[in-house]
$ cat protein-v8.pdb   # PDB, C-alpha atoms and all ligand atoms
ATOM      1  CA  MET A   1     -32.878  91.471  34.776
ATOM      2  CA  PRO A   2     -36.368  90.060  34.171
ATOM      3  CA  GLU A   3     -39.041  92.636  35.000
ATOM      4  CA  LEU A   4     -42.789  93.131  35.113
ATOM      5  CA  ARG A   5     -44.183  95.898  32.934
ATOM      6  CA  ARG A   6     -47.721  97.269  33.019
ATOM      7  CA  ASN A   7     -49.488  97.473  29.673
ATOM      8  CA  PRO A   8     -51.291 100.852  29.812
ATOM      9  CA  PHE A   9     -53.767  99.734  27.117
ATOM     10  CA  THR A  10     -55.039  96.660  29.011
ATOM     11  CA  ASP A  11     -53.915  97.249  32.613
ATOM     12  CA  GLU A  12     -52.298  93.787  32.502
ATOM     13  CA  TRP A  13     -48.705  93.027  33.470
ATOM     14  CA  THR A  14     -46.207  91.270  31.200
ATOM     15  CA  ILE A  15     -43.117  89.423  32.453
ATOM     16  CA  ILE A  16     -40.249  90.547  30.234
ATOM     17  CA  SER A  17     -36.857  88.865  30.326
ATOM     18  CA  GLY A  18     -33.799  89.958  28.441
ATOM     19  CA  TYR A  19     -33.077  87.195  25.933
ATOM     20  CA  ARG A  20     -30.779  88.567  23.236
ATOM     21  CA  GLY A  21     -29.741  85.395  21.421
ATOM     22  CA  SER A  22     -30.874  84.310  17.999
ATOM     23  CA  MET A  23     -34.650  84.000  17.717
ATOM     24  CA  SER A  24     -34.350  82.248  14.374
ATOM     25  CA  ARG A  25     -35.903  78.987  15.578
ATOM     26  CA  SER A  26     -38.336  80.543  18.012
ATOM     27  CA  PHE A  27     -41.161  81.254  15.568
ATOM     28  CA  VAL A  28     -43.517  78.967  13.703
ATOM     29  CA  THR A  29     -42.576  79.485  10.067
ATOM     30  CA  ARG A  30     -44.836  79.123   7.075
ATOM     31  CA  SER A  31     -44.405  77.311   3.818
ATOM     32  CA  ARG A  32     -43.595  79.651   0.954
ATOM     33  CA  ALA A  33     -44.879  77.375  -1.775
ATOM     34  CA  GLN A  34     -47.135  79.237  -4.162
ATOM     35  CA  ALA A  35     -50.414  77.638  -5.064
ATOM     36  CA  ASP A  36     -50.898  77.147  -8.791
ATOM     37  CA  GLY A  37     -54.260  78.903  -8.701
ATOM     38  CA  GLY A  38     -56.114  76.023 -10.402
ATOM     39  CA  ARG A  39     -59.742  75.881  -9.220
ATOM     40  CA  CYS A  40     -59.185  78.569  -6.627
ATOM     41  CA  ILE A  41     -62.655  79.657  -5.490
ATOM     42  CA  PHE A  42     -61.454  83.192  -4.667
ATOM     43  CA  CYS A  43     -59.938  83.975  -8.082
ATOM     44  CA  GLU A  44     -61.779  86.195 -10.579
ATOM     45  CA  GLY A  45     -64.050  83.983 -12.687
ATOM     46  CA  SER A  46     -64.975  81.670  -9.780
ATOM     47  CA  GLU A  47     -67.734  83.944  -8.409
ATOM     48  CA  ALA A  48     -70.378  81.216  -8.786
ATOM     49  CA  LEU A  49     -68.412  78.968  -6.425
ATOM     50  CA  THR A  50     -68.713  81.354  -3.440
ATOM     51  CA  PRO A  51     -71.793  82.493  -1.488
ATOM     52  CA  PRO A  52     -73.415  85.587  -3.152
ATOM     53  CA  GLU A  53     -71.385  88.740  -2.479
ATOM     54  CA  VAL A  54     -72.525  91.311   0.073
ATOM     55  CA  ASP A  55     -70.480  94.104  -1.515
ATOM     56  CA  ALA A  56     -67.579  94.655  -3.936
ATOM     57  CA  ILE A  57     -65.609  97.448  -5.576
ATOM     58  CA  ARG A  58     -66.382  97.235  -9.302
ATOM     59  CA  PRO A  59     -64.639 100.106 -11.144
ATOM     60  CA  GLY A  60     -66.346  99.312 -14.478
ATOM     61  CA  GLY A  61     -69.772  98.886 -12.883
ATOM     62  CA  SER A  62     -70.055  95.151 -13.701
ATOM     63  CA  THR A  63     -72.962  93.227 -12.158
ATOM     64  CA  ARG A  64     -72.630  91.417  -8.842
ATOM     65  CA  ASP A  65     -71.217  87.902  -8.700
ATOM     66  CA  THR A  66     -69.519  88.296 -12.080
ATOM     67  CA  PRO A  67     -65.867  89.213 -12.937
ATOM     68  CA  GLY A  68     -64.791  92.878 -12.979
ATOM     69  CA  TRP A  69     -64.227  93.466  -9.241
ATOM     70  CA  THR A  70     -61.047  94.583  -7.504
ATOM     71  CA  VAL A  71     -62.035  93.587  -3.960
ATOM     72  CA  ARG A  72     -65.042  91.528  -2.913
ATOM     73  CA  ALA A  73     -66.868  90.777   0.367
ATOM     74  CA  ILE A  74     -68.805  87.529   0.779
ATOM     75  CA  PRO A  75     -70.407  85.819   3.803
ATOM     76  CA  ASN A  76     -68.225  83.129   5.327
ATOM     77  CA  LYS A  77     -69.390  79.720   4.075
ATOM     78  CA  PHE A  78     -68.900  78.322   7.569
ATOM     79  CA  PRO A  79     -69.883  81.290   9.738
ATOM     80  CA  VAL A  80     -69.231  81.352  13.449
ATOM     81  CA  LEU A  81     -72.315  83.587  13.794
ATOM     82  CA  THR A  82     -75.033  84.746  11.409
ATOM     83  CA  VAL A  83     -77.240  87.859  11.029
ATOM     84  CA  ASP A  84     -80.268  85.832   9.852
ATOM     85  CA  LYS A  85     -81.484  85.193  13.371
ATOM     86  CA  LYS A  86     -83.413  86.973  16.068
ATOM     87  CA  LEU A  87     -81.342  88.143  19.010
ATOM     88  CA  GLU A  88     -82.785  86.359  22.035
ATOM     89  CA  LYS A  89     -81.374  86.560  25.535
ATOM     90  CA  VAL A  90     -82.758  83.939  27.896
ATOM     91  CA  PRO A  91     -81.869  82.546  31.312
ATOM     92  CA  ASP A  92     -80.741  78.912  31.340
ATOM     93  CA  GLY A  93     -81.089  77.996  35.013
ATOM     94  CA  MET A  94     -78.494  80.161  36.725
ATOM     95  CA  PHE A  95     -76.696  80.573  33.370
ATOM     96  CA  ASP A  96     -77.314  82.996  30.490
ATOM     97  CA  LEU A  97     -77.927  82.120  26.890
ATOM     98  CA  MET A  98     -78.021  84.256  23.743
ATOM     99  CA  SER A  99     -78.800  83.245  20.160
ATOM    100  CA  GLY A 100     -75.777  83.183  17.837
ATOM    101  CA  VAL A 101     -76.422  86.494  16.095
ATOM    102  CA  GLY A 102     -73.507  88.192  14.397
ATOM    103  CA  ALA A 103     -71.783  88.736  11.081
ATOM    104  CA  HIS A 104     -68.883  86.788   9.643
ATOM    105  CA  GLU A 105     -67.607  87.902   6.252
ATOM    106  CA  ILE A 106     -64.591  87.229   4.061
ATOM    107  CA  ILE A 107     -62.915  90.029   2.130
ATOM    108  CA  ILE A 108     -61.161  88.706  -0.980
ATOM    109  CA  GLU A 109     -58.337  91.181  -1.446
ATOM    110  CA  SER A 110     -57.440  90.695  -5.097
ATOM    111  CA  PRO A 111     -59.000  89.197  -8.248
ATOM    112  CA  ALA A 112     -55.565  87.733  -9.116
ATOM    113  CA  HIS A 113     -54.121  84.799  -7.196
ATOM    114  CA  VAL A 114     -51.734  86.362  -4.670
ATOM    115  CA  SER A 115     -51.120  84.834  -1.271
ATOM    116  CA  ASP A 116     -50.361  87.627   1.163
ATOM    117  CA  TRP A 117     -50.049  91.358   1.787
ATOM    118  CA  THR A 118     -46.388  91.422   0.708
ATOM    119  CA  GLN A 119     -47.570  90.509  -2.809
ATOM    120  CA  LEU A 120     -50.510  92.900  -2.893
ATOM    121  CA  GLU A 121     -50.013  96.320  -4.463
ATOM    122  CA  PRO A 122     -50.541  99.106  -1.902
ATOM    123  CA  ALA A 123     -53.544 100.213  -4.002
ATOM    124  CA  ALA A 124     -55.133  96.745  -3.556
ATOM    125  CA  LEU A 125     -54.495  96.826   0.193
ATOM    126  CA  PHE A 126     -55.997 100.334   0.273
ATOM    127  CA  ARG A 127     -59.162  99.036  -1.446
ATOM    128  CA  THR A 128     -59.346  96.150   1.035
ATOM    129  CA  LEU A 129     -59.232  98.608   3.953
ATOM    130  CA  GLN A 130     -61.789 100.781   2.162
ATOM    131  CA  LEU A 131     -64.223  97.876   1.709
ATOM    132  CA  ALA A 132     -63.670  96.793   5.338
ATOM    133  CA  GLN A 133     -64.633 100.332   6.356
ATOM    134  CA  VAL A 134     -67.785 100.246   4.194
ATOM    135  CA  ARG A 135     -68.785  96.858   5.606
ATOM    136  CA  LEU A 136     -68.205  97.948   9.218
ATOM    137  CA  SER A 137     -70.240 101.126   8.673
ATOM    138  CA  ASP A 138     -73.052  99.044   7.201
ATOM    139  CA  LEU A 139     -73.012  96.446  10.010
ATOM    140  CA  LYS A 140     -72.986  99.286  12.543
ATOM    141  CA  LYS A 141     -76.570 100.087  11.478
ATOM    142  CA  ASP A 142     -77.648  96.708  12.880
ATOM    143  CA  PHE A 143     -78.497  97.632  16.480
ATOM    144  CA  ARG A 144     -77.908  94.039  17.651
ATOM    145  CA  LEU A 145     -74.189  94.180  16.847
ATOM    146  CA  ARG A 146     -71.702  95.621  19.366
ATOM    147  CA  CYS A 147     -68.124  94.633  18.612
ATOM    148  CA  PRO A 148     -66.476  94.766  15.161
ATOM    149  CA  MET A 149     -63.345  92.752  14.418
ATOM    150  CA  PHE A 150     -61.199  92.745  11.299
ATOM    151  CA  PHE A 151     -58.192  90.466  11.035
ATOM    152  CA  ARG A 152     -55.916  88.517   8.800
ATOM    153  CA  SER A 153     -54.069  85.338   9.735
ATOM    154  CA  VAL A 154     -50.979  84.160   7.941
ATOM    155  CA  PRO A 155     -51.038  80.472   8.952
ATOM    156  CA  ALA A 156     -48.385  77.785   8.472
ATOM    157  CA  ASP A 157     -50.334  75.831   5.934
ATOM    158  CA  GLU A 158     -53.270  77.506   4.286
ATOM    159  CA  THR A 159     -56.229  75.612   2.910
ATOM    160  CA  VAL A 160     -57.102  78.697   0.852
ATOM    161  CA  THR A 161     -53.883  80.339  -0.336
ATOM    162  CA  HIS A 162     -55.608  83.296  -1.998
ATOM    163  CA  SER A 163     -55.159  86.459   0.089
ATOM    164  CA  PHE A 164     -58.229  87.242   2.218
ATOM    165  CA  SER A 165     -59.103  88.864   5.518
ATOM    166  CA  GLN A 166     -62.051  88.329   7.831
ATOM    167  CA  LEU A 167     -64.612  90.607   9.339
ATOM    168  CA  VAL A 168     -66.641  89.550  12.355
ATOM    169  CA  CYS A 169     -69.246  91.536  14.306
ATOM    170  CA  LEU A 170     -70.337  90.217  17.693
ATOM    171  CA  PRO A 171     -73.494  90.995  19.693
ATOM    172  CA  THR A 172     -71.323  91.158  22.852
ATOM    173  CA  ILE A 173     -68.020  92.766  23.797
ATOM    174  CA  PRO A 174     -65.312  90.129  24.386
ATOM    175  CA  GLY A 175     -63.089  90.164  27.495
ATOM    176  CA  GLY A 176     -59.988  91.521  25.768
ATOM    177  CA  MET A 177     -61.901  94.546  24.459
ATOM    178  CA  LYS A 178     -63.608  95.093  27.844
ATOM    179  CA  LYS A 179     -60.155  95.322  29.443
ATOM    180  CA  ARG A 180     -58.997  97.813  26.813
ATOM    181  CA  LEU A 181     -62.092  99.956  27.263
ATOM    182  CA  ALA A 182     -61.729  99.903  31.057
ATOM    183  CA  ALA A 183     -58.028 100.868  30.880
ATOM    184  CA  ALA A 184     -58.764 103.668  28.378
ATOM    185  CA  LYS A 185     -61.644 104.927  30.557
ATOM    186  CA  GLU A 186     -59.530 104.913  33.753
ATOM    187  CA  HIS A 187     -56.722 106.848  32.075
ATOM    188  CA  TYR A 188     -59.206 109.358  30.679
ATOM    189  CA  LEU A 189     -60.896 109.844  34.058
ATOM    190  CA  ARG A 190     -57.524 110.555  35.714
ATOM    191  CA  LYS A 191     -55.944 112.720  33.012
ATOM    192  CA  GLU A 192     -58.675 113.729  30.567
ATOM    193  CA  ARG A 193     -56.441 112.446  27.792
ATOM    194  CA  CYS A 194     -56.389 109.405  25.528
ATOM    195  CA  VAL A 195     -53.925 106.767  26.805
ATOM    196  CA  TYR A 196     -52.915 105.892  23.230
ATOM    197  CA  CYS A 197     -52.188 109.529  22.324
ATOM    198  CA  ASP A 198     -50.114 109.780  25.514
ATOM    199  CA  ALA A 199     -48.199 106.584  24.652
ATOM    200  CA  ILE A 200     -47.560 107.806  21.085
ATOM    201  CA  ALA A 201     -46.139 111.110  22.402
ATOM    202  CA  GLU A 202     -43.948 109.257  24.928
ATOM    203  CA  GLU A 203     -42.681 106.715  22.361
ATOM    204  CA  ARG A 204     -41.880 109.435  19.818
ATOM    205  CA  ARG A 205     -39.992 111.364  22.487
ATOM    206  CA  SER A 206     -37.815 108.430  23.611
ATOM    207  CA  LYS A 207     -37.592 106.801  20.134
ATOM    208  CA  VAL A 208     -36.193 103.494  21.541
ATOM    209  CA  ARG A 209     -39.283 101.460  20.690
ATOM    210  CA  VAL A 210     -40.286 103.286  17.488
ATOM    211  CA  VAL A 211     -39.677 100.996  14.499
ATOM    212  CA  PHE A 212     -40.702 103.511  11.818
ATOM    213  CA  GLU A 213     -43.133 106.345  11.256
ATOM    214  CA  ASP A 214     -44.529 108.445   8.447
ATOM    215  CA  GLU A 215     -46.644 111.563   8.500
ATOM    216  CA  LEU A 216     -49.810 109.811   9.708
ATOM    217  CA  PHE A 217     -48.830 106.487  11.363
ATOM    218  CA  VAL A 218     -46.237 105.206  13.821
ATOM    219  CA  ALA A 219     -45.162 101.558  14.288
ATOM    220  CA  ILE A 220     -43.926 100.726  17.776
ATOM    221  CA  SER A 221     -42.654  97.708  19.642
ATOM    222  CA  PRO A 222     -44.993  98.248  22.635
ATOM    223  CA  TYR A 223     -43.557  98.864  26.132
ATOM    224  CA  ALA A 224     -45.227  95.783  27.681
ATOM    225  CA  ALA A 225     -45.568  93.678  24.482
ATOM    226  CA  GLU A 226     -47.297  90.438  25.418
ATOM    227  CA  SER A 227     -45.328  88.321  22.954
ATOM    228  CA  ALA A 228     -41.910  88.414  21.296
ATOM    229  CA  PHE A 229     -41.549  90.884  18.406
ATOM    230  CA  ALA A 230     -45.191  92.058  18.561
ATOM    231  CA  LEU A 231     -45.849  95.410  16.863
ATOM    232  CA  THR A 232     -48.572  98.037  17.157
ATOM    233  CA  LEU A 233     -49.388 100.450  14.348
ATOM    234  CA  LEU A 234     -51.269 103.596  15.398
ATOM    235  CA  PRO A 235     -52.624 106.691  13.651
ATOM    236  CA  LYS A 236     -50.886 109.774  15.097
ATOM    237  CA  ASP A 237     -54.196 111.654  14.965
ATOM    238  CA  HIS A 238     -56.717 110.759  17.629
ATOM    239  CA  ILE A 239     -59.218 108.491  15.819
ATOM    240  CA  ALA A 240     -61.259 106.099  17.957
ATOM    241  CA  ARG A 241     -62.984 104.251  15.145
ATOM    242  CA  PHE A 242     -61.401 102.678  12.082
ATOM    243  CA  GLU A 243     -64.534 103.521  10.080
ATOM    244  CA  HIS A 244     -63.771 107.235  10.669
ATOM    245  CA  ALA A 245     -60.268 107.116   9.128
ATOM    246  CA  THR A 246     -59.948 109.345   6.034
ATOM    247  CA  HIS A 247     -58.769 108.232   2.571
ATOM    248  CA  GLU A 248     -55.365 109.778   3.327
ATOM    249  CA  HIS A 249     -55.172 107.685   6.504
ATOM    250  CA  LEU A 250     -56.134 104.506   4.636
ATOM    251  CA  LYS A 251     -53.501 105.165   1.938
ATOM    252  CA  SER A 252     -50.810 105.654   4.556
ATOM    253  CA  LEU A 253     -52.104 102.651   6.536
ATOM    254  CA  ALA A 254     -51.911 100.375   3.468
ATOM    255  CA  LEU A 255     -48.263 101.357   2.894
ATOM    256  CA  ALA A 256     -47.375 100.893   6.573
ATOM    257  CA  LEU A 257     -49.092  97.484   6.860
ATOM    258  CA  LYS A 258     -47.351  96.213   3.726
ATOM    259  CA  LYS A 259     -44.031  97.497   5.059
ATOM    260  CA  ILE A 260     -44.576  95.678   8.387
ATOM    261  CA  CYS A 261     -45.427  92.380   6.654
ATOM    262  CA  GLU A 262     -42.249  92.638   4.535
ATOM    263  CA  LEU A 263     -40.196  93.590   7.588
ATOM    264  CA  ILE A 264     -41.467  90.640   9.637
ATOM    265  CA  ASP A 265     -40.639  88.231   6.791
ATOM    266  CA  ARG A 266     -37.094  89.614   6.482
ATOM    267  CA  ALA A 267     -36.366  89.867  10.206
ATOM    268  CA  LEU A 268     -38.010  86.631  11.406
ATOM    269  CA  ASP A 269     -37.730  84.433   8.304
ATOM    270  CA  PHE A 270     -41.359  84.131   7.142
ATOM    271  CA  PRO A 271     -43.167  83.463  10.429
ATOM    272  CA  VAL A 272     -46.825  82.688  10.959
ATOM    273  CA  TYR A 273     -48.521  85.817  12.305
ATOM    274  CA  THR A 274     -51.836  87.609  12.775
ATOM    275  CA  VAL A 275     -52.765  91.187  11.986
ATOM    276  CA  SER A 276     -55.778  92.416  13.931
ATOM    277  CA  LEU A 277     -57.638  95.677  14.141
ATOM    278  CA  GLN A 278     -58.470  97.073  17.573
ATOM    279  CA  THR A 279     -61.271  99.575  17.051
ATOM    280  CA  ALA A 280     -63.947 101.098  19.286
ATOM    281  CA  PRO A 281     -67.066  98.927  19.761
ATOM    282  CA  PHE A 282     -70.424 100.243  18.504
ATOM    283  CA  ILE A 283     -71.254 101.930  21.806
ATOM    284  CA  SER A 284     -71.055 105.633  22.581
ATOM    285  CA  SER A 285     -69.988 105.635  26.215
ATOM    286  CA  THR A 286     -68.243 103.410  28.755
ATOM    287  CA  GLY A 287     -68.794 104.100  32.454
ATOM    288  CA  GLY A 288     -69.830 107.682  31.695
ATOM    289  CA  VAL A 289     -66.840 108.416  29.437
ATOM    290  CA  ASN A 290     -67.343 109.078  25.726
ATOM    291  CA  VAL A 291     -65.730 106.182  23.814
ATOM    292  CA  ASP A 292     -64.731 108.549  20.983
ATOM    293  CA  ASP A 293     -62.685 110.562  23.512
ATOM    294  CA  CYS A 294     -60.869 107.731  25.306
ATOM    295  CA  PHE A 295     -60.367 105.021  22.645
ATOM    296  CA  HIS A 296     -57.922 105.058  19.696
ATOM    297  CA  PHE A 297     -57.826 102.495  16.892
ATOM    298  CA  SER A 298     -54.690 100.466  16.137
ATOM    299  CA  PHE A 299     -53.468  97.392  14.301
ATOM    300  CA  GLU A 300     -51.629  94.699  16.221
ATOM    301  CA  ILE A 301     -49.225  92.385  14.486
ATOM    302  CA  ALA A 302     -48.167  89.304  16.454
ATOM    303  CA  PRO A 303     -45.746  86.664  15.121
ATOM    304  CA  LYS A 304     -46.494  83.197  16.489
ATOM    305  CA  VAL A 305     -43.838  82.043  18.921
ATOM    306  CA  ALA A 306     -43.026  78.314  18.573
ATOM    307  CA  LYS A 307     -42.661  77.658  22.286
ATOM    308  CA  LEU A 308     -42.324  79.648  25.465
ATOM    309  CA  VAL A 309     -38.784  79.125  26.668
ATOM    310  CA  GLY A 310     -39.133  77.493  30.091
ATOM    311  CA  PHE A 311     -42.404  79.172  30.940
ATOM    312  CA  GLU A 312     -45.753  77.471  31.085
ATOM    313  CA  HIS A 313     -48.509  78.748  33.282
ATOM    314  CA  PRO A 314     -52.244  78.031  33.446
ATOM    315  CA  PHE A 315     -53.274  81.620  34.241
ATOM    316  CA  ALA A 316     -52.529  83.160  30.844
ATOM    317  CA  GLN A 317     -49.787  85.313  32.334
ATOM    318  CA  ALA A 318     -48.172  87.183  29.438
ATOM    319  CA  PHE A 319     -44.479  86.346  29.132
ATOM    320  CA  ASN A 320     -42.147  87.903  26.589
ATOM    321  CA  PRO A 321     -38.560  86.599  26.464
ATOM    322  CA  VAL A 322     -37.332  89.549  24.343
ATOM    323  CA  THR A 323     -37.311  93.155  25.537
ATOM    324  CA  PRO A 324     -39.406  95.384  23.256
ATOM    325  CA  GLU A 325     -36.356  97.709  22.938
ATOM    326  CA  HIS A 326     -34.252  94.839  21.554
ATOM    327  CA  ALA A 327     -37.050  93.786  19.171
ATOM    328  CA  ALA A 328     -37.295  97.399  17.889
ATOM    329  CA  GLU A 329     -33.521  97.495  17.356
ATOM    330  CA  ILE A 330     -33.620  94.239  15.357
ATOM    331  CA  TYR A 331     -36.574  95.442  13.262
ATOM    332  CA  ARG A 332     -34.881  98.792  12.521
ATOM    333  CA  SER A 333     -31.746  96.968  11.351
ATOM    334  CA  PHE A 334     -33.902  95.161   8.745
ATOM    335  CA  LEU A 335     -35.566  98.310   7.380
ATOM    336  CA  LEU A 336     -34.668  98.998   3.768
TER     337      LEU A 336
HETATM  338 ZN    ZN A 401     -56.989  82.474  -6.225
HETATM  339 ZN    ZN A 402     -55.887 109.066  21.035
END

$ encode --input "protein-v8.pdb" --output "structure tokens"
Amino acid sequence: MPELRRNPFTDEWTIISGYRGSMSRSFVTRSRAQADGGRCIFCEGSEALTPPEVDAIRPGGSTRDTPGWTVRAIPNKFPVLTVDKKLEKVPDGMFDLMSGVGAHEIIIESPAHVSDWTQLEPAALFRTLQLAQVRLSDLKKDFRLRCPMFFRSVPADETVTHSFSQLVCLPTIPGGMKKRLAAAKEHYLRKERCVYCDAIAEERRSKVRVVFEDELFVAISPYAAESAFALTLLPKDHIARFEHATHEHLKSLALALKKICELIDRALDFPVYTVSLQTAPFISSTGGVNVDDCFHFSFEIAPKVAKLVGFEHPFAQAFNPVTPEHAAEIYRSFLL
């Protein structure tokens, strides 16, 4: 009963087999030891130990780089890319070279020493999303930047245990996003509809892959999920860009993201996972189609599978041993 399913968001095919046994040892799990907080550079009071902040939410109006913040954005101390450069594109023989322009920031999600989103109050997660929105809108003004990324990794063994997420803006559009844009454009050209809106309507009709939903968001186990127990969280309203989500959307999003993190911990016994935002790049059209019409922002949550059962291939062929319907059923059984 293995089958190949087409992912309508990427136009890639996933091999899905029907493993239904226990997945308890199939994920990389993380250590649950709590750091003591001593000399943590992200805790309130350690502001002098980090690079100067780029922005923060300070309800009492305290001055920058001092205590009194609820969420704080700083440049990454070891940035992959930096904005303090000129964007130069030059040929290098037959190859192409570009200077490493881009932004790489850290968002410290709480002044208190908490380690992940399950321990953050929804209000703190809301403020984190709010600051991420402000930072993205600000970086968008830099004409050199094209592709925003916002993500959080929950690794096995963290060097910094204080809860933080990362924001990166690239001067180019990476391959994964190009595929998404192309698939969204193709669907729009054929049907004059957003492929994500269509998928949301279909999933809500059949219900088999819906894990939970509220008024504004729906969490699904996607039809052609590229890894076991992956989840996608989408706004029900058509919103292409995360920076355009309203306060009501961000409040609902914070609750849904926290719920997913708690659900994953209960269902899969504290796995390592990543949460990543998929949002429209800073371009207005793709192949003649308006990006705001064809794209739709989402969050993807992917637990890290320990090993692919009997499947290793050099061509990055997506293989998922668990049907998304079975994963949804398991998740729903762990909902409180
Ligand atoms: Zn801390
Ligand atoms: Zn849509």

$ axis_aligned_box --input "protein-v8.pdb" --around "region 300-303 of chain A" --padding-each-side "8 Å" --output "AutoDock Vina command-line options"
--center_x -48.7 --center_y 90.7 --center_z 15.5 --size_x 21.9 --size_y 24.0 --size_z 18.0

$ resolve_selection --input "protein-v8.pdb" --expression "the PyMOL selection byres (((chain A and resi 170-187) around 10) and not hetatm)" --output "ChimeraX atom specification"
/A:7-12,80-83,87,98-104,142-149,168-169,188-196,198,278-283,285-291,293-296

$ residues_near_point --input "protein-v8.pdb" --point "(-40.2, 98.0, 27.0)" --cutoff "6 Å" --atoms "only C-alpha atoms" --output "number ranges by chain"
A: 223-224, 323-325

$ closest_residue --input "protein-v8.pdb" --among "A:Asn76, A:Gln166, A:Ser227, A:Ser17" --to "Ala316 (chain A)" --atoms "all atoms listed in the file"
A:Ser227

$ atom_distance --input "protein-v8.pdb" --atom1 "CA of Thr118 (chain A)" --atom2 "CA of Ser165 (chain A)"
13.8 Å

$ residues_near_ligand --input "protein-v8.pdb" --ligand "ligand ZN 401 (chain A)" --cutoff "6 Å" --atoms "all atoms listed in the file" --output "ChimeraX atom specification"
/A:37,40,42-43,113,162

$ resolve_selection --input "protein-v8.pdb" --expression "the PyMOL selection byres (((chain A and resi 250-267) around 9) and not hetatm)" --output "VMD selection string"
chain A and resid 24 116 to 130 212 to 219 229 231 233 to 235 245 to 249 268 to 271 273 275 299 301 303 330 to 336

$ atom_distance --input "protein-v8.pdb" --atom1 "CA of Ala201 (chain A)" --atom2 "atom ZN of ligand ZN 402 (chain A)"
10.1 Å

$ closest_residue --input "protein-v8.pdb" --among "A:Ala318, A:Ser276, A:Ala240, A:Val134" --to "ligand ZN 402 (chain A)" --atoms "all atoms listed in the file"
A:Ala240

$ residues_around --input "protein-v8.pdb" --residues "Val305 (chain A)" --least-positions-apart "6" --cutoff "8 Å" --atoms "all atoms listed in the file" --output "mmCIF file with C-alpha atoms, in the frame of the given file"
data_model
loop_
_atom_site.group_PDB
_atom_site.id
_atom_site.type_symbol
_atom_site.label_atom_id
_atom_site.label_comp_id
_atom_site.auth_asym_id
_atom_site.auth_seq_id
_atom_site.Cartn_x
_atom_site.Cartn_y
_atom_site.Cartn_z
ATOM 1 C CA SER A 26 -38.336 80.543 18.012
ATOM 2 C CA PHE A 27 -41.161 81.254 15.568
ATOM 3 C CA VAL A 28 -43.517 78.967 13.703
ATOM 4 C CA SER A 227 -45.328 88.321 22.954
ATOM 5 C CA ALA A 228 -41.910 88.414 21.296
#
